[in-house]
Each structure stands twice: as C-alpha cells, then as structure tokens.
file structure-v2.pdb (PDB, C-alpha atoms)
MODEL        1
ATOM      1  CA  MET E   6      80.890  79.878  72.481
ATOM      2  CA  SER E   7      84.255  81.609  72.139
ATOM      3  CA  VAL E   8      84.484  83.937  69.124
ATOM      4  CA  PRO E   9      86.887  86.718  68.075
ATOM      5  CA  CYS E  10      85.710  90.157  69.226
ATOM      6  CA  VAL E  11      87.067  93.668  68.863
ATOM      7  CA  ALA E  12      87.281  95.147  72.370
ATOM      8  CA  VAL E  13      87.172  98.954  72.600
ATOM      9  CA  ASP E  14      86.127 101.647  75.030
ATOM     10  CA  ARG E  15      82.368 101.837  75.326
ATOM     11  CA  GLU E  16      82.145 105.411  73.985
ATOM     12  CA  ARG E  17      83.888 104.296  70.774
ATOM     13  CA  GLY E  18      81.491 101.412  70.260
ATOM     14  CA  GLU E  19      79.229 102.818  67.568
ATOM     15  CA  THR E  20      82.093 104.331  65.582
ATOM     16  CA  VAL E  21      84.012 101.053  65.613
ATOM     17  CA  ARG E  22      80.881  98.981  64.901
ATOM     18  CA  SER E  23      80.207 101.180  61.856
ATOM     19  CA  ARG E  24      83.774 100.752  60.605
ATOM     20  CA  LEU E  25      83.575  96.994  61.013
ATOM     21  CA  ALA E  26      80.260  96.920  59.169
ATOM     22  CA  ASP E  27      81.757  98.942  56.307
ATOM     23  CA  ALA E  28      84.618  96.430  56.132
ATOM     24  CA  ASP E  29      82.111  93.522  56.096
ATOM     25  CA  ALA E  30      83.778  92.221  59.256
ATOM     26  CA  LEU E  31      80.801  92.063  61.650
ATOM     27  CA  ASP E  32      79.714  88.643  62.902
ATOM     28  CA  GLY E  33      75.937  88.853  62.716
ATOM     29  CA  ASP E  34      75.474  85.469  64.379
ATOM     30  CA  HIS E  35      76.580  86.651  67.827
ATOM     31  CA  GLU E  36      75.521  89.434  70.166
ATOM     32  CA  ILE E  37      77.549  92.547  70.958
ATOM     33  CA  ALA E  38      78.250  92.653  74.714
ATOM     34  CA  VAL E  39      79.191  95.365  77.197
ATOM     35  CA  ASP E  40      81.252  94.665  80.307
ATOM     36  CA  GLY E  41      82.005  97.724  82.408
ATOM     37  CA  ASP E  42      83.639 100.365  80.201
ATOM     38  CA  THR E  43      84.440  97.924  77.386
ATOM     39  CA  ILE E  44      82.286  96.869  74.460
ATOM     40  CA  TYR E  45      82.967  93.564  72.694
ATOM     41  CA  ILE E  46      81.982  93.443  69.016
ATOM     42  CA  PRO E  47      82.044  89.942  67.413
ATOM     43  CA  VAL E  48      83.850  89.765  64.062
ATOM     44  CA  THR E  49      83.983  87.161  61.307
ATOM     45  CA  GLY E  50      87.760  86.823  61.545
ATOM     46  CA  ARG E  51      90.983  88.759  61.631
ATOM     47  CA  ASP E  52      91.511  89.205  57.908
ATOM     48  CA  ARG E  53      88.748  91.788  57.389
ATOM     49  CA  VAL E  54      89.320  93.859  60.535
ATOM     50  CA  PRO E  55      90.986  97.231  59.783
ATOM     51  CA  ALA E  56      94.676  97.124  60.590
ATOM     52  CA  ASP E  57      94.512  99.730  63.357
ATOM     53  CA  LEU E  58      91.987  97.538  65.234
ATOM     54  CA  ALA E  59      93.824  94.236  64.821
ATOM     55  CA  ASP E  60      95.506  94.492  68.217
ATOM     56  CA  ARG E  61      92.076  94.912  69.852
ATOM     57  CA  ILE E  62      90.880  91.419  68.888
ATOM     58  CA  VAL E  63      90.256  89.081  71.823
ATOM     59  CA  GLU E  64      88.554  85.706  72.189
ATOM     60  CA  ARG E  65      85.373  85.883  74.264
ATOM     61  CA  ASP E  66      82.212  83.905  74.854
ATOM     62  CA  ALA E  67      79.351  85.515  72.946
ATOM     63  CA  ALA E  68      75.670  84.689  72.974
ATOM     64  CA  ALA E  69      74.077  83.517  69.741
ATOM     65  CA  ARG E  70      71.937  86.173  68.111
ATOM     66  CA  ASP E  71      68.345  85.634  67.073
ATOM     67  CA  ARG E  72      68.476  86.127  63.334
ATOM     68  CA  PRO E  73      65.753  88.287  61.777
ATOM     69  CA  THR E  74      63.699  87.160  58.849
ATOM     70  CA  THR E  75      65.813  87.320  55.712
ATOM     71  CA  PRO E  76      64.824  87.593  52.046
ATOM     72  CA  ALA E  77      66.295  84.109  51.543
ATOM     73  CA  GLU E  78      63.963  82.647  54.185
ATOM     74  CA  ILE E  79      60.984  84.200  52.404
ATOM     75  CA  LEU E  80      62.059  83.269  48.876
ATOM     76  CA  GLY E  81      63.586  79.870  49.505
ATOM     77  CA  TYR E  82      66.833  80.880  47.781
ATOM     78  CA  GLU E  83      69.604  83.439  48.358
ATOM     79  CA  PRO E  84      69.092  86.480  46.100
ATOM     80  CA  SER E  85      72.006  88.676  45.045
ATOM     81  CA  LEU E  86      71.668  91.959  46.936
ATOM     82  CA  GLU E  87      73.836  95.054  47.274
ATOM     83  CA  ARG E  88      73.341  97.694  49.970
ATOM     84  CA  LEU E  89      73.877 101.378  49.309
ATOM     85  CA  GLY E  90      72.684 103.561  52.160
ATOM     86  CA  ASP E  91      69.006 102.722  52.635
ATOM     87  CA  ILE E  92      68.736 101.362  49.074
ATOM     88  CA  VAL E  93      68.939  97.680  48.203
ATOM     89  CA  ILE E  94      70.118  97.032  44.648
ATOM     90  CA  ILE E  95      69.297  93.865  42.731
ATOM     91  CA  ASP E  96      70.210  92.704  39.237
ATOM     92  CA  GLU E  97      67.421  90.557  37.786
ATOM     93  CA  ASP E  98      66.573  90.189  34.098
ATOM     94  CA  ASP E  99      63.173  88.620  34.773
ATOM     95  CA  ASP E 100      60.562  91.192  35.868
ATOM     96  CA  GLU E 101      58.500  88.696  37.856
ATOM     97  CA  ARG E 102      61.529  87.403  39.733
ATOM     98  CA  ALA E 103      62.744  90.982  40.331
ATOM     99  CA  ARG E 104      59.431  91.973  41.923
ATOM    100  CA  ALA E 105      59.413  88.828  44.049
ATOM    101  CA  VAL E 106      62.892  89.702  45.368
ATOM    102  CA  ALA E 107      61.844  93.297  46.025
ATOM    103  CA  ASP E 108      58.750  92.168  47.929
ATOM    104  CA  ALA E 109      60.862  89.773  50.003
ATOM    105  CA  VAL E 110      63.386  92.492  50.830
ATOM    106  CA  MET E 111      60.663  94.860  51.977
ATOM    107  CA  ALA E 112      58.955  92.114  54.025
ATOM    108  CA  SER E 113      62.210  91.101  55.725
ATOM    109  CA  HIS E 114      64.128  92.810  58.484
ATOM    110  CA  VAL E 115      66.720  94.206  56.071
ATOM    111  CA  PRO E 116      66.917  97.967  56.863
ATOM    112  CA  CYS E 117      65.766  99.396  53.574
ATOM    113  CA  GLU E 118      63.606 102.193  52.155
ATOM    114  CA  THR E 119      63.968 101.490  48.431
ATOM    115  CA  VAL E 120      64.653  98.534  46.139
ATOM    116  CA  LEU E 121      66.156  99.216  42.717
ATOM    117  CA  ASN E 122      66.791  96.863  39.817
ATOM    118  CA  ARG E 123      69.523  97.605  37.288
ATOM    119  CA  ALA E 124      67.807  98.555  34.021
ATOM    120  CA  SER E 125      70.915  99.205  31.923
ATOM    121  CA  PRO E 126      74.678  98.809  31.984
ATOM    122  CA  ILE E 127      76.844 101.772  32.928
ATOM    123  CA  GLU E 128      76.561 104.155  29.999
ATOM    124  CA  GLY E 129      78.157 107.261  28.565
ATOM    125  CA  GLU E 130      80.987 109.540  29.531
ATOM    126  CA  LEU E 131      79.469 110.172  32.961
ATOM    127  CA  ARG E 132      79.255 106.420  33.771
ATOM    128  CA  VAL E 133      75.648 106.303  34.967
ATOM    129  CA  ARG E 134      72.923 103.711  34.512
ATOM    130  CA  ARG E 135      69.120 103.554  34.400
ATOM    131  CA  TRP E 136      67.106 101.938  37.216
ATOM    132  CA  ASP E 137      63.696 100.407  37.809
ATOM    133  CA  VAL E 138      62.265 101.486  41.170
ATOM    134  CA  LEU E 139      60.546  98.345  42.492
ATOM    135  CA  ALA E 140      59.775  99.573  46.007
ATOM    136  CA  GLY E 141      60.010 102.890  47.752
ATOM    137  CA  ASN E 142      60.466 106.202  46.019
ATOM    138  CA  GLY E 143      63.475 107.776  44.348
ATOM    139  CA  THR E 144      67.126 106.994  43.784
ATOM    140  CA  GLU E 145      68.819 109.318  46.289
ATOM    141  CA  THR E 146      70.407 108.076  49.506
ATOM    142  CA  VAL E 147      73.135 108.692  52.077
ATOM    143  CA  HIS E 148      75.794 105.989  52.151
ATOM    144  CA  ARG E 149      78.108 105.527  55.134
ATOM    145  CA  GLU E 150      81.621 104.236  54.633
ATOM    146  CA  TYR E 151      84.441 104.010  57.182
ATOM    147  CA  GLY E 152      82.977 106.782  59.312
ATOM    148  CA  HIS E 153      82.096 109.170  56.472
ATOM    149  CA  GLU E 154      78.746 110.038  54.886
ATOM    150  CA  PHE E 155      78.158 110.383  51.147
ATOM    151  CA  ALA E 156      74.927 111.777  49.745
ATOM    152  CA  LEU E 157      74.315 110.682  46.156
ATOM    153  CA  ASP E 158      71.734 109.875  43.520
ATOM    154  CA  VAL E 159      72.533 106.565  41.843
ATOM    155  CA  ALA E 160      70.636 107.647  38.717
ATOM    156  CA  ALA E 161      72.811 110.752  38.317
ATOM    157  CA  VAL E 162      76.301 109.698  39.454
ATOM    158  CA  TYR E 163      78.599 106.680  39.466
ATOM    159  CA  PHE E 164      79.237 105.064  42.847
ATOM    160  CA  SER E 165      80.223 101.503  43.765
ATOM    161  CA  PRO E 166      80.011 100.406  47.409
ATOM    162  CA  ARG E 167      82.020  97.326  46.433
ATOM    163  CA  LEU E 168      85.149  99.479  46.281
ATOM    164  CA  ALA E 169      84.951 100.604  49.911
ATOM    165  CA  THR E 170      87.843  98.409  51.069
ATOM    166  CA  GLU E 171      90.028  99.519  48.167
ATOM    167  CA  ARG E 172      89.302 103.187  48.815
ATOM    168  CA  HIS E 173      90.127 102.743  52.493
ATOM    169  CA  ARG E 174      93.410 101.029  51.592
ATOM    170  CA  VAL E 175      94.480 104.048  49.559
ATOM    171  CA  VAL E 176      93.252 106.642  52.037
ATOM    172  CA  GLU E 177      95.199 105.033  54.891
ATOM    173  CA  GLN E 178      98.424 105.849  53.021
ATOM    174  CA  VAL E 179      97.705 109.591  53.080
ATOM    175  CA  ASP E 180      99.669 111.864  55.408
ATOM    176  CA  ALA E 181      98.595 115.238  56.776
ATOM    177  CA  GLY E 182      99.897 118.122  54.720
ATOM    178  CA  GLU E 183      99.957 116.295  51.407
ATOM    179  CA  SER E 184      98.740 117.953  48.227
ATOM    180  CA  ALA E 185      96.493 115.459  46.431
ATOM    181  CA  VAL E 186      94.539 115.524  43.186
ATOM    182  CA  ASP E 187      91.582 113.185  42.752
ATOM    183  CA  MET E 188      91.387 113.297  38.977
ATOM    184  CA  PHE E 189      87.962 111.611  38.618
ATOM    185  CA  ALA E 190      86.419 112.311  42.006
ATOM    186  CA  GLY E 191      82.715 111.529  41.689
ATOM    187  CA  VAL E 192      80.887 112.365  44.921
ATOM    188  CA  GLY E 193      84.122 112.271  46.913
ATOM    189  CA  PRO E 194      84.721 108.755  48.336
ATOM    190  CA  TYR E 195      88.484 109.265  47.975
ATOM    191  CA  ALA E 196      88.660 113.054  48.277
ATOM    192  CA  VAL E 197      86.614 113.472  51.458
ATOM    193  CA  PRO E 198      88.498 110.925  53.612
ATOM    194  CA  MET E 199      91.840 112.163  52.242
ATOM    195  CA  GLY E 200      90.827 115.624  53.397
ATOM    196  CA  ALA E 201      89.840 114.184  56.766
ATOM    197  CA  ARG E 202      93.387 112.829  57.121
ATOM    198  CA  GLY E 203      94.738 116.347  56.647
ATOM    199  CA  ALA E 204      95.539 116.409  52.932
ATOM    200  CA  ASP E 205      94.724 119.385  50.744
ATOM    201  CA  VAL E 206      92.708 117.863  47.898
ATOM    202  CA  VAL E 207      91.725 119.160  44.483
ATOM    203  CA  ALA E 208      88.863 116.961  43.271
ATOM    204  CA  CYS E 209      87.707 117.081  39.644
ATOM    205  CA  ASP E 210      84.814 115.508  37.791
ATOM    206  CA  LEU E 211      83.023 116.093  34.497
ATOM    207  CA  ASN E 212      79.652 115.280  36.069
ATOM    208  CA  GLU E 213      78.281 118.526  37.492
ATOM    209  CA  ARG E 214      75.728 116.675  39.644
ATOM    210  CA  ALA E 215      78.522 114.598  41.147
ATOM    211  CA  VAL E 216      80.455 117.759  41.963
ATOM    212  CA  GLU E 217      77.371 119.237  43.650
ATOM    213  CA  TYR E 218      77.212 116.130  45.857
ATOM    214  CA  LEU E 219      80.974 116.303  46.391
ATOM    215  CA  ARG E 220      80.643 119.813  47.803
ATOM    216  CA  GLU E 221      77.745 118.697  49.999
ATOM    217  CA  ASN E 222      79.729 115.704  51.202
ATOM    218  CA  ALA E 223      82.752 117.833  52.030
ATOM    219  CA  GLU E 224      80.445 119.932  54.203
ATOM    220  CA  ARG E 225      78.748 116.880  55.758
ATOM    221  CA  ASN E 226      82.128 115.522  56.803
ATOM    222  CA  GLY E 227      83.697 118.799  57.922
ATOM    223  CA  VAL E 228      86.414 119.050  55.258
ATOM    224  CA  THR E 229      85.323 122.035  53.175
ATOM    225  CA  ASP E 230      88.587 123.765  54.070
ATOM    226  CA  ARG E 231      90.560 120.794  52.710
ATOM    227  CA  VAL E 232      88.664 119.813  49.548
ATOM    228  CA  THR E 233      88.406 122.023  46.464
ATOM    229  CA  ALA E 234      85.775 120.675  44.062
ATOM    230  CA  VAL E 235      86.207 121.419  40.357
ATOM    231  CA  ALA E 236      83.486 120.732  37.781
ATOM    232  CA  GLY E 237      85.208 119.954  34.514
ATOM    233  CA  ASP E 238      87.965 118.006  32.811
ATOM    234  CA  VAL E 239      91.029 117.548  35.018
ATOM    235  CA  ARG E 240      93.207 118.582  32.079
ATOM    236  CA  GLU E 241      91.891 122.109  32.535
ATOM    237  CA  ILE E 242      93.746 122.504  35.856
ATOM    238  CA  THR E 243      97.135 121.395  34.540
ATOM    239  CA  ASP E 244      98.582 124.892  34.236
ATOM    240  CA  SER E 245      97.347 126.107  37.624
ATOM    241  CA  HIS E 246      98.432 122.977  39.530
ATOM    242  CA  ALA E 247     101.486 121.799  37.584
ATOM    243  CA  ASP E 248     104.287 120.156  39.617
ATOM    244  CA  THR E 249     102.305 120.309  42.887
ATOM    245  CA  ALA E 250     100.797 116.893  43.617
ATOM    246  CA  ASP E 251     102.192 114.563  46.262
ATOM    247  CA  ARG E 252      99.452 112.043  45.456
ATOM    248  CA  LEU E 253      97.225 111.364  42.436
ATOM    249  CA  VAL E 254      94.159 109.129  42.341
ATOM    250  CA  MET E 255      93.301 107.922  38.825
ATOM    251  CA  ASN E 256      90.142 105.861  39.290
ATOM    252  CA  LEU E 257      88.866 105.782  35.699
ATOM    253  CA  PRO E 258      89.886 102.242  34.812
ATOM    254  CA  HIS E 259      88.734 102.094  31.194
ATOM    255  CA  SER E 260      90.559 105.222  30.078
ATOM    256  CA  ALA E 261      92.933 106.447  32.784
ATOM    257  CA  ASP E 262      95.796 105.897  30.325
ATOM    258  CA  ASP E 263      94.453 108.808  28.260
ATOM    259  CA  PHE E 264      95.238 111.082  31.216
ATOM    260  CA  LEU E 265      98.748 109.954  32.069
ATOM    261  CA  ASP E 266     100.348 113.002  30.431
ATOM    262  CA  THR E 267      98.162 115.144  32.675
ATOM    263  CA  ALA E 268      99.164 113.087  35.718
ATOM    264  CA  VAL E 269     102.867 113.582  34.934
ATOM    265  CA  ALA E 270     102.298 117.314  34.516
ATOM    266  CA  LEU E 271     100.525 117.531  37.892
ATOM    267  CA  ALA E 272     103.055 115.412  39.783
ATOM    268  CA  GLY E 273     105.480 117.035  42.159
ATOM    269  CA  ASP E 274     109.063 115.905  42.736
ATOM    270  CA  ASP E 275     107.964 112.801  44.679
ATOM    271  CA  CYS E 276     104.429 111.682  43.871
ATOM    272  CA  ALA E 277     102.370 108.581  44.667
ATOM    273  CA  VAL E 278      99.993 107.580  41.868
ATOM    274  CA  HIS E 279      97.086 105.158  42.321
ATOM    275  CA  TYR E 280      96.364 104.025  38.781
ATOM    276  CA  TYR E 281      93.294 101.873  38.062
ATOM    277  CA  ASP E 282      92.995  99.709  34.987
ATOM    278  CA  ILE E 283      90.933  96.930  33.395
ATOM    279  CA  GLN E 284      93.079  94.239  31.774
ATOM    280  CA  HIS E 285      93.047  90.602  30.684
ATOM    281  CA  GLU E 286      94.125  87.985  33.201
ATOM    282  CA  ASP E 287      97.122  87.025  31.031
ATOM    283  CA  ASP E 288      98.847  90.359  31.746
ATOM    284  CA  PRO E 289      96.800  92.444  34.187
ATOM    285  CA  PHE E 290      99.565  94.866  35.225
ATOM    286  CA  GLY E 291     101.935  95.074  32.276
ATOM    287  CA  PRO E 292      99.946  97.469  30.042
ATOM    288  CA  GLY E 293      99.477  99.973  32.871
ATOM    289  CA  ARG E 294     103.112  99.782  33.941
ATOM    290  CA  ARG E 295     104.328 100.332  30.389
ATOM    291  CA  ALA E 296     101.916 103.218  29.822
ATOM    292  CA  ILE E 297     103.064 104.970  33.005
ATOM    293  CA  GLU E 298     106.736 104.486  32.127
ATOM    294  CA  ALA E 299     106.137 105.889  28.636
ATOM    295  CA  ALA E 300     104.327 108.940  29.996
ATOM    296  CA  ALA E 301     107.014 109.582  32.629
ATOM    297  CA  GLY E 302     109.752 109.438  30.023
ATOM    298  CA  ASP E 303     113.057 110.806  31.261
ATOM    299  CA  ALA E 304     111.397 113.219  33.687
ATOM    300  CA  TYR E 305     110.679 110.697  36.458
ATOM    301  CA  ALA E 306     111.960 107.439  37.792
ATOM    302  CA  VAL E 307     109.040 104.998  38.037
ATOM    303  CA  ASP E 308     108.781 102.540  40.924
ATOM    304  CA  VAL E 309     105.745 100.245  40.939
ATOM    305  CA  GLU E 310     105.289  99.692  44.681
ATOM    306  CA  THR E 311     102.115  97.584  44.619
ATOM    307  CA  GLU E 312     100.266  95.560  41.986
ATOM    308  CA  ARG E 313      96.828  94.657  43.266
ATOM    309  CA  VAL E 314      93.805  92.891  41.819
ATOM    310  CA  VAL E 315      90.837  94.875  43.132
ATOM    311  CA  ARG E 316      88.106  92.573  41.819
ATOM    312  CA  SER E 317      87.046  90.423  38.915
ATOM    313  CA  TYR E 318      85.465  92.642  36.267
ATOM    314  CA  ALA E 319      84.360  90.238  33.522
ATOM    315  CA  PRO E 320      85.321  86.726  32.407
ATOM    316  CA  HIS E 321      89.134  86.692  32.184
ATOM    317  CA  GLU E 322      89.365  90.408  33.005
ATOM    318  CA  TYR E 323      90.390  92.136  36.222
ATOM    319  CA  ASN E 324      89.991  95.595  37.701
ATOM    320  CA  VAL E 325      93.508  96.282  39.022
ATOM    321  CA  CYS E 326      95.399  99.021  40.808
ATOM    322  CA  LEU E 327      99.056  99.947  40.478
ATOM    323  CA  ASP E 328     100.500 102.044  43.293
ATOM    324  CA  VAL E 329     103.355 103.870  41.610
ATOM    325  CA  ARG E 330     106.016 106.241  42.936
ATOM    326  CA  LEU E 331     107.153 108.949  40.521
ATOM    327  CA  THR E 332     110.454 110.508  41.560
ATOM    328  CA  ARG E 333     111.859 113.341  39.554
ATOM    329  CA  ASP E 334     115.338 112.468  38.318
ATOM    330  CA  GLY E 335     117.957 114.092  40.463
ATOM    331  CA  GLU E 336     115.785 114.140  43.606
TER     332      GLU E 336
ENDMDL
END

call {"tool": "encode", "arguments": {"input": "structure-v2.pdb", "output": "structure tokens"}}
result
Amino acid sequence: MSVPCVAVDRERGETVRSRLADADALDGDHEIAVDGDTIYIPVTGRDRVPADLADRIVERDAAARDRPTTPAEILGYEPSLERLGDIVIIDEDDDERARAVADAVMASHVPCETVLNRASPIEGELRVRRWDVLAGNGTETVHREYGHEFALDVAAVYFSPRLATERHRVVEQVDAGESAVDMFAGVGPYAVPMGARGADVVACDLNERAVEYLRENAERNGVTDRVTAVAGDVREITDSHADTADRLVMNLPHSADDFLDTAVALAGDDCAVHYYDIQHEDDPFGPGRRAIEAAAGDAYAVDVETERVVRSYAPHEYNVCLDVRLTRDGE
C-alpha cells in the first residue's frame, strides 16, 4: 500500500523519527523501511510534519505493522491517556476505573514505567497539582521533545506535553545571536531550544525546583553557555536587563497581563513578544491586544503579527497566543 513517508539519510533516521513522534506525525500502522542509505518513515499526513521536512515526503509502498496489544484492546474502550517521558497520565474520577486503566496500561505494550492519575486541579502560584501513583514509583521522568531532553518532577513543577507543537512553532522563529527573556520558564521547554538555536536566554521562574531542573536541562542539552537561569520574580531583573530583549516569551496565560509593564521595560528597540492568554470565545484576542497596546503607550509601535488559538481550555474559553512586534518609535 502506498503511504506518505519522510525519506532521509539513514544516519539521521532516529533523530527524524523522534521529531516526527514529538509532532504526533508518525504512522504507527506501517513499518519503517531502509533501502540503501535512505530510511523511509511513514507519516500520518503532511499537515503534522515539521516544515523543514516537508520536502522530504514521498509516496512509497509500506508493509502493514503488527500492532501491539493496546489498553483499549484490554479494556474494551479507548481510555484517555497522556504520555510524559516514561509516565502515562490519566484523568479518572472513579478509583476503580482508574485502577483498571492503570492495570491495562501496564499489561499492554505501551512503553511506560509509571501510571499517574490527576488528584487535583493545578493549584497555587507555582501551578502544580497532586497525583495518585497507580503503578510504578515516583513522579520524576525525562521527557523528549523535538530532539531535546527535559528532566522534571510532575509533582513539583508545571509541564504540559500538549504544548510541544506550540513551543516548537515559537522556537523556530528564533535567530542566532538574539537576546531572549523567558519570563516564566519552568524547566526550560522554551529556553533550552532557543539556546540551542544560538540565542542568549535569560530564563526566570518563581519555582526553585523548576529552576534546578532548568539548569540540569541546559546541561543535558549542551546550552549552559547560552541559558542563564534565575530563581525569582522576573520583575527583579528589570533594572539589570532593561532595553535588551529581542524576544520575550510570556507563557503565563492567566496573569501575563500583570507583567506587561515589565515586558515593555525589558524590550529592546525591536522586540518580538509571544503573549499567552485565556479568553472567552466571543473575543479571544481583543483583551490581550488592548492590554499590550496600553502597556506600550507612546514608547512602542505595536504590530500584532499572529493571532493563534493554541487549544480549547474550558467550555467557551481558549488558550491563545499573540505574536506581537514592539518597535520603538523612531526606529
């Protein structure tokens, strides 16, 4: 059967396969094939393949893959699962059903060491939640995303694997030599890949455990010379880094507007701002745009370059991103 495949040099195969997996683009129903020096990796379609690999897509006959036992085959229904490193996360209110799902996950061929069930919503200033460990031991893992590794403890830090595509979209805009500030950096899923692209990044977070992981992750990914981790409120670096940023990441969607004055103070003469927000479907972008314009005042011209719905957040509410260009008047 002819299916779309990404064709790359054999030595790049694992790197590309990992990137495609992170982008949820792998076709698990067909076998990867090698022909001479080329490896052919089946994909689900063109829309999820990273842009720099789009010209490598070819049509090729691929053998059907023997599917391993899945949790759905064991349970008789499709459970909602989320992968984070070697942890599988579920969200079940019923304890008996939660344990049945965990048992099915562990009995299946899903690569997994631990199954966790959400035991609380995200809570507090540090945006963490409580977990029930249903199988395995502990809440620490190493997550791989677009060729980078992130060590983290889900009970101590905030991290969402669902935002991988959005993070990659932003990171691909970064140029070598930029000065960037990740204002709410967590364990570094923006800061580390920005550093890998050659940016000099100052990464701040209130959560001291997250900053410890951020420093570890900078080392894991070979960017310690590019990423400066700061434990504390980003407002504390305003004086030392005023007027320096070519790029700002503001991924604190419930309260990023409280930090717009700080963002304006950090911005250089020409600064890209990635501003995340949670708003009602009736006007998902307007409140953020107006808040940015008010904070910029007469100091900067504001150009909203992209308005993007990242995901549905709650009924009638969206998590959105505005990519904004701040240009100092007269530049």

call {"tool": "residues_around", "arguments": {"input": "structure-v2.pdb", "residues": "E:Asn226", "least_positions_apart": "3", "cutoff": "10 Å", "atoms": "all atoms listed in the file", "output": "count of residues only"}}
result
12

call {"tool": "resolve_selection", "arguments": {"input": "structure-v2.pdb", "expression": "the PyMOL selection byres ((chain E and resi 327) around 8)", "output": "mmCIF file with C-alpha atoms, keeping the file's coordinate frame"}}
result
data_model
loop_
_atom_site.group_PDB
_atom_site.id
_atom_site.type_symbol
_atom_site.label_atom_id
_atom_site.label_comp_id
_atom_site.auth_asym_id
_atom_site.auth_seq_id
_atom_site.Cartn_x
_atom_site.Cartn_y
_atom_site.Cartn_z
ATOM 1 C CA VAL E 278 99.993 107.580 41.868
ATOM 2 C CA HIS E 279 97.086 105.158 42.321
ATOM 3 C CA TYR E 280 96.364 104.025 38.781
ATOM 4 C CA TYR E 281 93.294 101.873 38.062
ATOM 5 C CA PHE E 290 99.565 94.866 35.225
ATOM 6 C CA GLY E 293 99.477 99.973 32.871
ATOM 7 C CA ARG E 294 103.112 99.782 33.941
ATOM 8 C CA VAL E 309 105.745 100.245 40.939
ATOM 9 C CA GLU E 310 105.289 99.692 44.681
ATOM 10 C CA THR E 311 102.115 97.584 44.619
ATOM 11 C CA GLU E 312 100.266 95.560 41.986
ATOM 12 C CA ARG E 313 96.828 94.657 43.266
ATOM 13 C CA VAL E 325 93.508 96.282 39.022
ATOM 14 C CA CYS E 326 95.399 99.021 40.808
ATOM 15 C CA ASP E 328 100.500 102.044 43.293
ATOM 16 C CA VAL E 329 103.355 103.870 41.610
#

call {"tool": "resolve_selection", "arguments": {"input": "structure-v2.pdb", "expression": "the PyMOL selection byres ((chain E and resi 218) around 10)", "output": "NGL selection string"}}
result
:E and (155-158 or 162 or 191-193 or 213-217 or 219-224 or 234)

call {"tool": "write_last_selection", "arguments": {"input": "structure-v2.pdb", "atoms": "C-alpha atoms", "output": "mmCIF file, in the coordinates of the input"}}
result
data_model
loop_
_atom_site.group_PDB
_atom_site.id
_atom_site.type_symbol
_atom_site.label_atom_id
_atom_site.label_comp_id
_atom_site.auth_asym_id
_atom_site.auth_seq_id
_atom_site.Cartn_x
_atom_site.Cartn_y
_atom_site.Cartn_z
ATOM 1 C CA PHE E 155 78.158 110.383 51.147
ATOM 2 C CA ALA E 156 74.927 111.777 49.745
ATOM 3 C CA LEU E 157 74.315 110.682 46.156
ATOM 4 C CA ASP E 158 71.734 109.875 43.520
ATOM 5 C CA VAL E 162 76.301 109.698 39.454
ATOM 6 C CA GLY E 191 82.715 111.529 41.689
ATOM 7 C CA VAL E 192 80.887 112.365 44.921
ATOM 8 C CA GLY E 193 84.122 112.271 46.913
ATOM 9 C CA GLU E 213 78.281 118.526 37.492
ATOM 10 C CA ARG E 214 75.728 116.675 39.644
ATOM 11 C CA ALA E 215 78.522 114.598 41.147
ATOM 12 C CA VAL E 216 80.455 117.759 41.963
ATOM 13 C CA GLU E 217 77.371 119.237 43.650
ATOM 14 C CA LEU E 219 80.974 116.303 46.391
ATOM 15 C CA ARG E 220 80.643 119.813 47.803
ATOM 16 C CA GLU E 221 77.745 118.697 49.999
ATOM 17 C CA ASN E 222 79.729 115.704 51.202
ATOM 18 C CA ALA E 223 82.752 117.833 52.030
ATOM 19 C CA GLU E 224 80.445 119.932 54.203
ATOM 20 C CA ALA E 234 85.775 120.675 44.062
#

call {"tool": "residues_around", "arguments": {"input": "structure-v2.pdb", "residues": "E:Thr144", "least_positions_apart": "3", "cutoff": "8 Å", "atoms": "all atoms listed in the file", "output": "list of chain:residue names"}}
result
E:Ile92, E:Thr119, E:Leu121, E:Val138, E:Asp158, E:Val159, E:Ala160

call {"tool": "resolve_selection", "arguments": {"input": "structure-v2.pdb", "expression": "the PyMOL selection byres ((chain E and resi 7-16) around 6)", "output": "number ranges by chain"}}
result
E: 6, 17-18, 42-48, 61-66

call {"tool": "build_atoms", "arguments": {"input": "structure-v2.pdb", "residues": "stretch 244-253 of chain E", "atoms": "N, CA, C and O atoms", "output": "PDB file, in the coordinates of the input"}}
result
ATOM      1  N   ASP E 244      97.724 123.713  34.116  1.00  0.00           N
ATOM      2  CA  ASP E 244      98.582 124.892  34.236  1.00  0.00           C
ATOM      3  C   ASP E 244      98.600 125.434  35.661  1.00  0.00           C
ATOM      4  O   ASP E 244      99.654 125.774  36.196  1.00  0.00           O
ATOM      5  N   SER E 245      97.437 125.502  36.297  1.00  0.00           N
ATOM      6  CA  SER E 245      97.347 126.107  37.624  1.00  0.00           C
ATOM      7  C   SER E 245      97.891 125.207  38.727  1.00  0.00           C
ATOM      8  O   SER E 245      98.231 125.700  39.811  1.00  0.00           O
ATOM      9  N   HIS E 246      97.997 123.899  38.487  1.00  0.00           N
ATOM     10  CA  HIS E 246      98.432 122.977  39.530  1.00  0.00           C
ATOM     11  C   HIS E 246      99.624 122.120  39.098  1.00  0.00           C
ATOM     12  O   HIS E 246      99.914 121.089  39.707  1.00  0.00           O
ATOM     13  N   ALA E 247     100.339 122.562  38.075  1.00  0.00           N
ATOM     14  CA  ALA E 247     101.486 121.799  37.584  1.00  0.00           C
ATOM     15  C   ALA E 247     102.548 121.638  38.672  1.00  0.00           C
ATOM     16  O   ALA E 247     102.794 122.557  39.466  1.00  0.00           O
ATOM     17  N   ASP E 248     103.137 120.452  38.730  1.00  0.00           N
ATOM     18  CA  ASP E 248     104.287 120.156  39.617  1.00  0.00           C
ATOM     19  C   ASP E 248     103.950 120.273  41.100  1.00  0.00           C
ATOM     20  O   ASP E 248     104.844 120.532  41.912  1.00  0.00           O
ATOM     21  N   THR E 249     102.683 120.073  41.489  1.00  0.00           N
ATOM     22  CA  THR E 249     102.305 120.309  42.887  1.00  0.00           C
ATOM     23  C   THR E 249     101.865 119.055  43.635  1.00  0.00           C
ATOM     24  O   THR E 249     101.874 119.048  44.865  1.00  0.00           O
ATOM     25  N   ALA E 250     101.472 118.013  42.954  1.00  0.00           N
ATOM     26  CA  ALA E 250     100.797 116.893  43.617  1.00  0.00           C
ATOM     27  C   ALA E 250     101.780 115.938  44.290  1.00  0.00           C
ATOM     28  O   ALA E 250     102.756 115.486  43.679  1.00  0.00           O
ATOM     29  N   ASP E 251     101.491 115.639  45.555  1.00  0.00           N
ATOM     30  CA  ASP E 251     102.192 114.563  46.262  1.00  0.00           C
ATOM     31  C   ASP E 251     101.502 113.224  46.052  1.00  0.00           C
ATOM     32  O   ASP E 251     102.108 112.175  46.280  1.00  0.00           O
ATOM     33  N   ARG E 252     100.223 113.278  45.653  1.00  0.00           N
ATOM     34  CA  ARG E 252      99.452 112.043  45.456  1.00  0.00           C
ATOM     35  C   ARG E 252      98.395 112.291  44.381  1.00  0.00           C
ATOM     36  O   ARG E 252      97.740 113.334  44.367  1.00  0.00           O
ATOM     37  N   LEU E 253      98.231 111.312  43.492  1.00  0.00           N
ATOM     38  CA  LEU E 253      97.225 111.364  42.436  1.00  0.00           C
ATOM     39  C   LEU E 253      96.382 110.098  42.492  1.00  0.00           C
ATOM     40  O   LEU E 253      96.925 108.996  42.591  1.00  0.00           O
TER      41      LEU E 253
END
